[in-house]
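So this one's model_23.txt, compact mmCIF, N, CA and C atoms:
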```txt
# COMPACT_ATOMS: atom_id res chain seq x y z
N MET I 1 0.85 -1.18 0.00
CA MET I 1 0.00 0.00 0.00
C MET I 1 0.90 1.25 0.00
N SER I 2 0.55 2.19 -0.83
CA SER I 2 1.37 3.40 -0.94
C SER I 2 1.12 4.34 0.23
N MET I 3 2.04 5.28 0.42
CA MET I 3 1.87 6.28 1.47
C MET I 3 0.58 7.04 1.25
N ILE I 4 0.29 7.38 0.01
CA ILE I 4 -0.93 8.14 -0.28
C ILE I 4 -2.16 7.34 0.15
N ASP I 5 -2.19 6.06 -0.13
CA ASP I 5 -3.32 5.22 0.30
C ASP I 5 -3.42 5.16 1.82
N LYS I 6 -2.29 5.02 2.49
CA LYS I 6 -2.29 4.97 3.95
C LYS I 6 -2.78 6.29 4.54
N LEU I 7 -2.33 7.39 3.96
CA LEU I 7 -2.76 8.70 4.45
C LEU I 7 -4.26 8.89 4.24
N LYS I 8 -4.76 8.41 3.12
CA LYS I 8 -6.19 8.51 2.85
C LYS I 8 -6.98 7.79 3.94
N GLU I 9 -6.48 6.62 4.36
CA GLU I 9 -7.15 5.87 5.43
C GLU I 9 -7.16 6.64 6.75
N LEU I 10 -6.19 7.54 6.93
CA LEU I 10 -6.10 8.33 8.16
C LEU I 10 -6.90 9.64 8.06
N GLY I 11 -7.62 9.81 6.97
CA GLY I 11 -8.48 10.99 6.84
C GLY I 11 -7.90 12.13 6.03
N VAL I 12 -6.71 11.93 5.47
CA VAL I 12 -6.10 12.96 4.63
C VAL I 12 -6.82 12.97 3.28
N ASN I 13 -7.18 14.14 2.81
CA ASN I 13 -7.87 14.26 1.52
C ASN I 13 -6.80 14.27 0.42
N THR I 14 -6.27 13.09 0.15
CA THR I 14 -5.17 12.98 -0.81
C THR I 14 -5.61 13.32 -2.23
N ASP I 15 -6.87 13.09 -2.56
CA ASP I 15 -7.34 13.45 -3.91
C ASP I 15 -7.23 14.96 -4.12
N GLU I 16 -7.69 15.72 -3.14
CA GLU I 16 -7.59 17.18 -3.21
C GLU I 16 -6.12 17.62 -3.22
N GLY I 17 -5.31 16.99 -2.36
CA GLY I 17 -3.89 17.34 -2.30
C GLY I 17 -3.20 17.10 -3.63
N LEU I 18 -3.49 15.97 -4.24
CA LEU I 18 -2.89 15.66 -5.54
C LEU I 18 -3.32 16.67 -6.60
N LYS I 19 -4.56 17.11 -6.55
CA LYS I 19 -5.01 18.14 -7.49
C LYS I 19 -4.19 19.42 -7.33
N ARG I 20 -3.90 19.79 -6.09
CA ARG I 20 -3.09 20.99 -5.84
C ARG I 20 -1.70 20.87 -6.47
N PHE I 21 -1.23 19.63 -6.56
CA PHE I 21 0.09 19.38 -7.12
C PHE I 21 -0.03 18.85 -8.55
N MET I 22 -1.11 19.19 -9.21
CA MET I 22 -1.37 18.87 -10.61
C MET I 22 -1.20 17.37 -10.90
N GLY I 23 -1.59 16.55 -9.93
CA GLY I 23 -1.54 15.11 -10.12
C GLY I 23 -0.16 14.50 -9.98
N ASN I 24 0.82 15.30 -9.62
CA ASN I 24 2.19 14.81 -9.51
C ASN I 24 2.39 14.16 -8.13
N ALA I 25 2.18 12.84 -8.08
CA ALA I 25 2.25 12.11 -6.82
C ALA I 25 3.64 12.18 -6.19
N ALA I 26 4.68 12.14 -7.00
CA ALA I 26 6.04 12.20 -6.46
C ALA I 26 6.29 13.54 -5.76
N LEU I 27 5.83 14.62 -6.36
CA LEU I 27 5.99 15.94 -5.75
C LEU I 27 5.16 16.04 -4.47
N TYR I 28 3.94 15.56 -4.52
CA TYR I 28 3.07 15.58 -3.35
C TYR I 28 3.71 14.80 -2.20
N GLU I 29 4.22 13.63 -2.49
CA GLU I 29 4.87 12.82 -1.46
C GLU I 29 6.13 13.51 -0.93
N ARG I 30 6.88 14.14 -1.82
CA ARG I 30 8.09 14.84 -1.38
C ARG I 30 7.72 15.99 -0.44
N MET I 31 6.69 16.75 -0.78
CA MET I 31 6.25 17.86 0.07
C MET I 31 5.66 17.32 1.37
N MET I 32 4.94 16.22 1.29
CA MET I 32 4.39 15.60 2.49
C MET I 32 5.53 15.15 3.41
N GLY I 33 6.64 14.74 2.82
CA GLY I 33 7.80 14.31 3.59
C GLY I 33 8.39 15.40 4.45
N LYS I 34 8.11 16.64 4.14
CA LYS I 34 8.61 17.77 4.93
C LYS I 34 7.70 18.08 6.11
N LEU I 35 6.50 17.51 6.12
CA LEU I 35 5.53 17.82 7.16
C LEU I 35 6.01 17.46 8.58
N PRO I 36 6.56 16.27 8.82
CA PRO I 36 6.95 15.95 10.20
C PRO I 36 7.92 16.97 10.81
N ALA I 37 8.94 17.35 10.09
CA ALA I 37 9.90 18.33 10.62
C ALA I 37 9.22 19.68 10.84
N ASN I 38 8.34 20.04 9.93
CA ASN I 38 7.63 21.31 10.05
C ASN I 38 6.75 21.33 11.29
N VAL I 39 6.01 20.26 11.51
CA VAL I 39 5.12 20.18 12.68
C VAL I 39 5.94 20.24 13.96
N ARG I 40 6.99 19.46 14.01
CA ARG I 40 7.80 19.40 15.24
C ARG I 40 8.51 20.72 15.52
N SER I 41 8.89 21.44 14.49
CA SER I 41 9.60 22.70 14.70
C SER I 41 8.71 23.78 15.30
N GLN I 42 7.42 23.63 15.20
CA GLN I 42 6.50 24.65 15.72
C GLN I 42 6.31 24.58 17.23
N GLU I 43 6.56 23.43 17.84
CA GLU I 43 6.50 23.26 19.29
C GLU I 43 5.24 23.85 19.92
N VAL I 44 4.10 23.56 19.33
CA VAL I 44 2.83 24.14 19.77
C VAL I 44 2.57 23.87 21.25
N MET I 45 2.71 22.62 21.68
CA MET I 45 2.40 22.30 23.08
C MET I 45 3.35 22.99 24.04
N LYS I 46 4.59 23.16 23.65
CA LYS I 46 5.54 23.89 24.49
C LYS I 46 5.04 25.32 24.71
N HIS I 47 4.53 25.94 23.67
CA HIS I 47 4.01 27.31 23.81
C HIS I 47 2.81 27.34 24.75
N PHE I 48 1.94 26.34 24.65
CA PHE I 48 0.81 26.28 25.58
C PHE I 48 1.31 26.07 27.01
N ASP I 49 2.28 25.16 27.19
CA ASP I 49 2.82 24.90 28.52
C ASP I 49 3.42 26.16 29.15
N GLU I 50 4.06 26.96 28.33
CA GLU I 50 4.69 28.19 28.81
C GLU I 50 3.71 29.36 28.87
N LYS I 51 2.46 29.09 28.49
CA LYS I 51 1.42 30.11 28.44
C LYS I 51 1.81 31.29 27.54
N ASP I 52 2.59 30.96 26.51
CA ASP I 52 2.96 31.95 25.49
C ASP I 52 1.95 31.82 24.36
N TYR I 53 0.81 32.45 24.56
CA TYR I 53 -0.30 32.26 23.64
C TYR I 53 -0.10 32.97 22.30
N GLN I 54 0.72 34.00 22.28
CA GLN I 54 1.04 34.63 20.99
C GLN I 54 1.87 33.66 20.14
N ALA I 55 2.84 33.02 20.75
CA ALA I 55 3.64 32.02 20.02
C ALA I 55 2.77 30.83 19.62
N ALA I 56 1.85 30.44 20.50
CA ALA I 56 0.94 29.34 20.17
C ALA I 56 0.08 29.71 18.97
N LEU I 57 -0.39 30.95 18.93
CA LEU I 57 -1.19 31.42 17.80
C LEU I 57 -0.36 31.39 16.52
N GLU I 58 0.85 31.88 16.58
CA GLU I 58 1.71 31.90 15.39
C GLU I 58 1.98 30.47 14.90
N SER I 59 2.26 29.57 15.83
CA SER I 59 2.56 28.18 15.45
C SER I 59 1.33 27.47 14.89
N THR I 60 0.18 27.65 15.55
CA THR I 60 -1.02 26.98 15.05
C THR I 60 -1.43 27.57 13.70
N HIS I 61 -1.22 28.86 13.53
CA HIS I 61 -1.56 29.48 12.24
C HIS I 61 -0.65 28.93 11.13
N THR I 62 0.62 28.77 11.43
CA THR I 62 1.56 28.19 10.46
C THR I 62 1.13 26.78 10.08
N LEU I 63 0.79 25.98 11.09
CA LEU I 63 0.41 24.59 10.83
C LEU I 63 -0.94 24.51 10.13
N LYS I 64 -1.81 25.44 10.39
CA LYS I 64 -3.08 25.51 9.65
C LYS I 64 -2.78 25.66 8.16
N GLY I 65 -1.87 26.55 7.82
CA GLY I 65 -1.52 26.78 6.42
C GLY I 65 -0.85 25.58 5.78
N VAL I 66 0.12 25.02 6.47
CA VAL I 66 0.86 23.88 5.92
C VAL I 66 -0.05 22.68 5.72
N THR I 67 -0.84 22.37 6.73
CA THR I 67 -1.72 21.20 6.61
C THR I 67 -2.84 21.45 5.61
N GLY I 68 -3.28 22.69 5.49
CA GLY I 68 -4.29 23.02 4.49
C GLY I 68 -3.75 22.85 3.08
N ASN I 69 -2.55 23.33 2.84
CA ASN I 69 -1.94 23.21 1.51
C ASN I 69 -1.74 21.76 1.09
N LEU I 70 -1.49 20.90 2.06
CA LEU I 70 -1.28 19.48 1.77
C LEU I 70 -2.56 18.66 1.89
N SER I 71 -3.66 19.31 2.24
CA SER I 71 -4.97 18.66 2.42
C SER I 71 -4.95 17.60 3.51
N VAL I 72 -4.22 17.87 4.58
CA VAL I 72 -4.22 17.00 5.74
C VAL I 72 -5.41 17.46 6.60
N THR I 73 -6.58 17.12 6.12
CA THR I 73 -7.84 17.69 6.59
C THR I 73 -8.05 17.61 8.10
N PRO I 74 -7.84 16.46 8.75
CA PRO I 74 -8.11 16.43 10.20
C PRO I 74 -7.21 17.40 10.98
N LEU I 75 -5.96 17.51 10.58
CA LEU I 75 -5.06 18.44 11.26
C LEU I 75 -5.41 19.88 10.91
N TYR I 76 -5.72 20.11 9.65
CA TYR I 76 -6.12 21.45 9.22
C TYR I 76 -7.34 21.92 10.02
N GLN I 77 -8.32 21.07 10.16
CA GLN I 77 -9.52 21.46 10.90
C GLN I 77 -9.21 21.76 12.36
N ALA I 78 -8.38 20.95 12.98
CA ALA I 78 -8.03 21.17 14.38
C ALA I 78 -7.24 22.45 14.54
N TYR I 79 -6.25 22.68 13.69
CA TYR I 79 -5.45 23.89 13.82
C TYR I 79 -6.26 25.13 13.46
N SER I 80 -7.20 25.01 12.55
CA SER I 80 -8.09 26.14 12.24
C SER I 80 -8.92 26.51 13.46
N GLU I 81 -9.45 25.49 14.12
CA GLU I 81 -10.25 25.72 15.33
C GLU I 81 -9.38 26.31 16.44
N ALA I 82 -8.17 25.82 16.60
CA ALA I 82 -7.27 26.35 17.63
C ALA I 82 -6.94 27.82 17.36
N VAL I 83 -6.70 28.16 16.11
CA VAL I 83 -6.43 29.56 15.75
C VAL I 83 -7.63 30.42 16.13
N ARG I 84 -8.83 29.96 15.77
CA ARG I 84 -10.03 30.72 16.09
C ARG I 84 -10.16 30.93 17.60
N LEU I 85 -9.96 29.87 18.36
CA LEU I 85 -10.09 29.97 19.81
C LEU I 85 -9.03 30.88 20.42
N LEU I 86 -7.82 30.80 19.93
CA LEU I 86 -6.77 31.69 20.44
C LEU I 86 -7.09 33.15 20.14
N ARG I 87 -7.61 33.39 18.96
CA ARG I 87 -7.99 34.77 18.60
C ARG I 87 -9.15 35.27 19.45
N GLU I 88 -9.96 34.35 19.93
CA GLU I 88 -11.09 34.71 20.80
C GLU I 88 -10.71 34.66 22.27
N ASN I 89 -9.43 34.59 22.56
CA ASN I 89 -8.89 34.58 23.92
C ASN I 89 -9.42 33.38 24.73
N GLU I 90 -9.41 32.22 24.09
CA GLU I 90 -9.82 30.97 24.73
C GLU I 90 -8.67 29.96 24.65
N PRO I 91 -7.53 30.28 25.27
CA PRO I 91 -6.35 29.42 25.11
C PRO I 91 -6.51 28.01 25.65
N GLU I 92 -7.26 27.84 26.73
CA GLU I 92 -7.41 26.49 27.29
C GLU I 92 -8.24 25.61 26.35
N LYS I 93 -9.26 26.19 25.74
CA LYS I 93 -10.05 25.43 24.77
C LYS I 93 -9.21 25.10 23.54
N ALA I 94 -8.38 26.05 23.12
CA ALA I 94 -7.49 25.81 21.97
C ALA I 94 -6.53 24.67 22.28
N ARG I 95 -6.00 24.69 23.49
CA ARG I 95 -5.09 23.62 23.91
C ARG I 95 -5.78 22.26 23.84
N GLU I 96 -7.02 22.21 24.31
CA GLU I 96 -7.78 20.95 24.29
C GLU I 96 -7.95 20.44 22.86
N VAL I 97 -8.22 21.34 21.94
CA VAL I 97 -8.39 20.95 20.53
C VAL I 97 -7.10 20.35 20.00
N VAL I 98 -5.98 21.00 20.28
CA VAL I 98 -4.70 20.51 19.80
C VAL I 98 -4.36 19.18 20.46
N GLU I 99 -4.56 19.09 21.77
CA GLU I 99 -4.27 17.83 22.46
C GLU I 99 -5.10 16.68 21.91
N ALA I 100 -6.34 16.95 21.56
CA ALA I 100 -7.23 15.90 21.05
C ALA I 100 -6.76 15.35 19.71
N VAL I 101 -6.10 16.18 18.90
CA VAL I 101 -5.69 15.72 17.57
C VAL I 101 -4.27 15.13 17.58
N LEU I 102 -3.55 15.26 18.67
CA LEU I 102 -2.16 14.78 18.70
C LEU I 102 -2.01 13.29 18.39
N PRO I 103 -2.86 12.41 18.90
CA PRO I 103 -2.68 10.98 18.54
C PRO I 103 -2.79 10.75 17.03
N LEU I 104 -3.77 11.38 16.39
CA LEU I 104 -3.90 11.23 14.94
C LEU I 104 -2.74 11.90 14.22
N GLU I 105 -2.33 13.05 14.71
CA GLU I 105 -1.17 13.73 14.12
C GLU I 105 0.04 12.81 14.16
N ASN I 106 0.27 12.16 15.28
CA ASN I 106 1.41 11.24 15.39
C ASN I 106 1.29 10.07 14.42
N GLU I 107 0.09 9.55 14.23
CA GLU I 107 -0.12 8.47 13.26
C GLU I 107 0.22 8.94 11.85
N ILE I 108 -0.24 10.13 11.51
CA ILE I 108 0.02 10.68 10.17
C ILE I 108 1.52 10.91 9.98
N LEU I 109 2.17 11.52 10.96
CA LEU I 109 3.60 11.78 10.84
C LEU I 109 4.40 10.49 10.78
N ASN I 110 4.02 9.49 11.57
CA ASN I 110 4.70 8.19 11.52
C ASN I 110 4.51 7.52 10.18
N CYS I 111 3.32 7.63 9.62
CA CYS I 111 3.05 7.06 8.30
C CYS I 111 3.99 7.70 7.26
N ILE I 112 4.12 8.99 7.33
CA ILE I 112 4.98 9.70 6.37
C ILE I 112 6.44 9.30 6.57
N GLU I 113 6.89 9.31 7.81
CA GLU I 113 8.29 8.99 8.10
C GLU I 113 8.64 7.56 7.75
N ASN I 114 7.72 6.64 7.96
CA ASN I 114 7.98 5.23 7.67
C ASN I 114 8.00 4.93 6.19
N ASP I 115 7.46 5.82 5.38
CA ASP I 115 7.45 5.61 3.92
C ASP I 115 8.54 6.42 3.21
N GLN I 116 9.35 7.12 3.95
CA GLN I 116 10.40 7.94 3.32
C GLN I 116 11.60 7.11 2.97
```
Can the structure from this file be put into structure tokens for me?
Amino acid sequence: MSMIDKLKELGVNTDEGLKRFMGNAALYERMMGKLPANVRSQEVMKHFDEKDYQAALESTHTLKGVTGNLSVTPLYQAYSEAVRLLRENEPEKAREVVEAVLPLENEILNCIENDQ
């Protein structure tokens, strides 16, 4: 089973993602391969732990864009909601949204890393 098929099973809208990359599966997979490092570099939970909500907003906004561009729909939806909540001064609710998606995020990142 290809990485794209595995990601589809995890809720990633790979059909939409492939359209964004003009059907070029190799390019899509290469860009998807950059996602794990990008997600980890944002250190979203660290920002929540430190109560640095401006940094949390910047990180969640970045991840919203990255996951949206790659059509990683479940993560995109969670980070979009977290951005909204942070902008509405609801950091604890935003944290809960991010924490809830972390297990799936780890599955998606592991899927990508294991197919590289």
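The space separating atom CA of Tyr79 of chain I from atom CA of Lys64 of chain I comes to 5.1 Å.
Of the residues under consideration (I:Leu109, I:Leu18, I:Leu70, I:Val83), I:Leu70 shows the shortest atom-to-atom contact distance to Met31 of chain I when counting only N, CA and C atoms.
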- Item | atom C of Asn38 of chain I to atom CA of Leu57 of chain I, straight-line distance in Å | 14.4 Å
- Which of chain I counts as alpha helix (DSSP H) under DSSP, as number ranges by chain please? I: 3-9, 14-20, 25-32, 35-42, 44-49, 53-69, 73-87, 91-114
- Residue with the minimum atom-to-atom distance to Leu35 of chain I, picked from I:Asn114, I:Ser2, I:Gln77, I:Thr67 with all atoms listed in the file counted, is I:Thr67
Considering only C-alpha atoms, give me a table of residues in segment 20-65 of chain I that are at most 12 Å from segment 97-102 of chain I, with the closest atom pair and distance in Å for each, as a Markdown table.
```
| residue | atom | partner | partner_atom | distance |
| --- | --- | --- | --- | --- |
| I:Val39 | CA | I:Leu102 | CA | 10.9 |
| I:Arg40 | CA | I:Leu102 | CA | 11.5 |
| I:Glu43 | CA | I:Val98 | CA | 11.5 |
| I:Val44 | CA | I:Val98 | CA | 8.4 |
| I:Met45 | CA | I:Val98 | CA | 8.0 |
| I:Lys46 | CA | I:Glu99 | CA | 11.7 |
| I:His47 | CA | I:Val98 | CA | 11.8 |
| I:Phe48 | CA | I:Val98 | CA | 9.9 |
| I:Asp49 | CA | I:Glu99 | CA | 11.7 |
| I:Ala56 | CA | I:Val98 | CA | 10.5 |
| I:Leu57 | CA | I:Val98 | CA | 11.6 |
| I:Ser59 | CA | I:Val98 | CA | 11.4 |
| I:Thr60 | CA | I:Val98 | CA | 8.8 |
| I:Leu63 | CA | I:Val98 | CA | 11.1 |
| I:Lys64 | CA | I:Val98 | CA | 11.4 |
```
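The coordinates place atom CA of Met3 of chain I at 10.1 Å from atom CA of Ala25 of chain I.
Between Ile112 of chain I and the candidates I:Ala26, I:Gly33, I:Asn89, I:Tyr53, the tightest atom-to-atom separation, counting only C-alpha atoms, involves I:Gly33.
For Asn69 of chain I, the non-local neighbours within 12 Å, defined as residues at least 5 positions apart in the same chain or in other chains and counting only C-alpha atoms, are I:Val12, I:Asn13, I:Thr14, I:Glu16, I:Gly17, I:Leu18, I:Lys19, I:Arg20, I:Phe21, I:Tyr28, I:Met31, I:Met32, I:Leu35, I:Thr62, I:Leu63, I:Lys64, I:Leu75, I:Tyr76.
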Output N, CA and C atoms for every residue in the selection just made, as a compact mmCIF listing (two decimals), in the coordinates of the input.
```txt
# COMPACT_ATOMS: atom_id res chain seq x y z
N VAL I 12 -6.71 11.93 5.47
CA VAL I 12 -6.10 12.96 4.63
C VAL I 12 -6.82 12.97 3.28
N ASN I 13 -7.18 14.14 2.81
CA ASN I 13 -7.87 14.26 1.52
C ASN I 13 -6.80 14.27 0.42
N THR I 14 -6.27 13.09 0.15
CA THR I 14 -5.17 12.98 -0.81
C THR I 14 -5.61 13.32 -2.23
N GLU I 16 -7.69 15.72 -3.14
CA GLU I 16 -7.59 17.18 -3.21
C GLU I 16 -6.12 17.62 -3.22
N GLY I 17 -5.31 16.99 -2.36
CA GLY I 17 -3.89 17.34 -2.30
C GLY I 17 -3.20 17.10 -3.63
N LEU I 18 -3.49 15.97 -4.24
CA LEU I 18 -2.89 15.66 -5.54
C LEU I 18 -3.32 16.67 -6.60
N LYS I 19 -4.56 17.11 -6.55
CA LYS I 19 -5.01 18.14 -7.49
C LYS I 19 -4.19 19.42 -7.33
N ARG I 20 -3.90 19.79 -6.09
CA ARG I 20 -3.09 20.99 -5.84
C ARG I 20 -1.70 20.87 -6.47
N PHE I 21 -1.23 19.63 -6.56
CA PHE I 21 0.09 19.38 -7.12
C PHE I 21 -0.03 18.85 -8.55
N TYR I 28 3.94 15.56 -4.52
CA TYR I 28 3.07 15.58 -3.35
C TYR I 28 3.71 14.80 -2.20
N MET I 31 6.69 16.75 -0.78
CA MET I 31 6.25 17.86 0.07
C MET I 31 5.66 17.32 1.37
N MET I 32 4.94 16.22 1.29
CA MET I 32 4.39 15.60 2.49
C MET I 32 5.53 15.15 3.41
N LEU I 35 6.50 17.51 6.12
CA LEU I 35 5.53 17.82 7.16
C LEU I 35 6.01 17.46 8.58
N THR I 62 0.62 28.77 11.43
CA THR I 62 1.56 28.19 10.46
C THR I 62 1.13 26.78 10.08
N LEU I 63 0.79 25.98 11.09
CA LEU I 63 0.41 24.59 10.83
C LEU I 63 -0.94 24.51 10.13
N LYS I 64 -1.81 25.44 10.39
CA LYS I 64 -3.08 25.51 9.65
C LYS I 64 -2.78 25.66 8.16
N LEU I 75 -5.96 17.51 10.58
CA LEU I 75 -5.06 18.44 11.26
C LEU I 75 -5.41 19.88 10.91
N TYR I 76 -5.72 20.11 9.65
CA TYR I 76 -6.12 21.45 9.22
C TYR I 76 -7.34 21.92 10.02
```
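Nearest to Ala78 of chain I of all the residues I:Gln42, I:Pro91, I:Gln54, I:Glu105 is I:Glu105, counting only C-alpha atoms.
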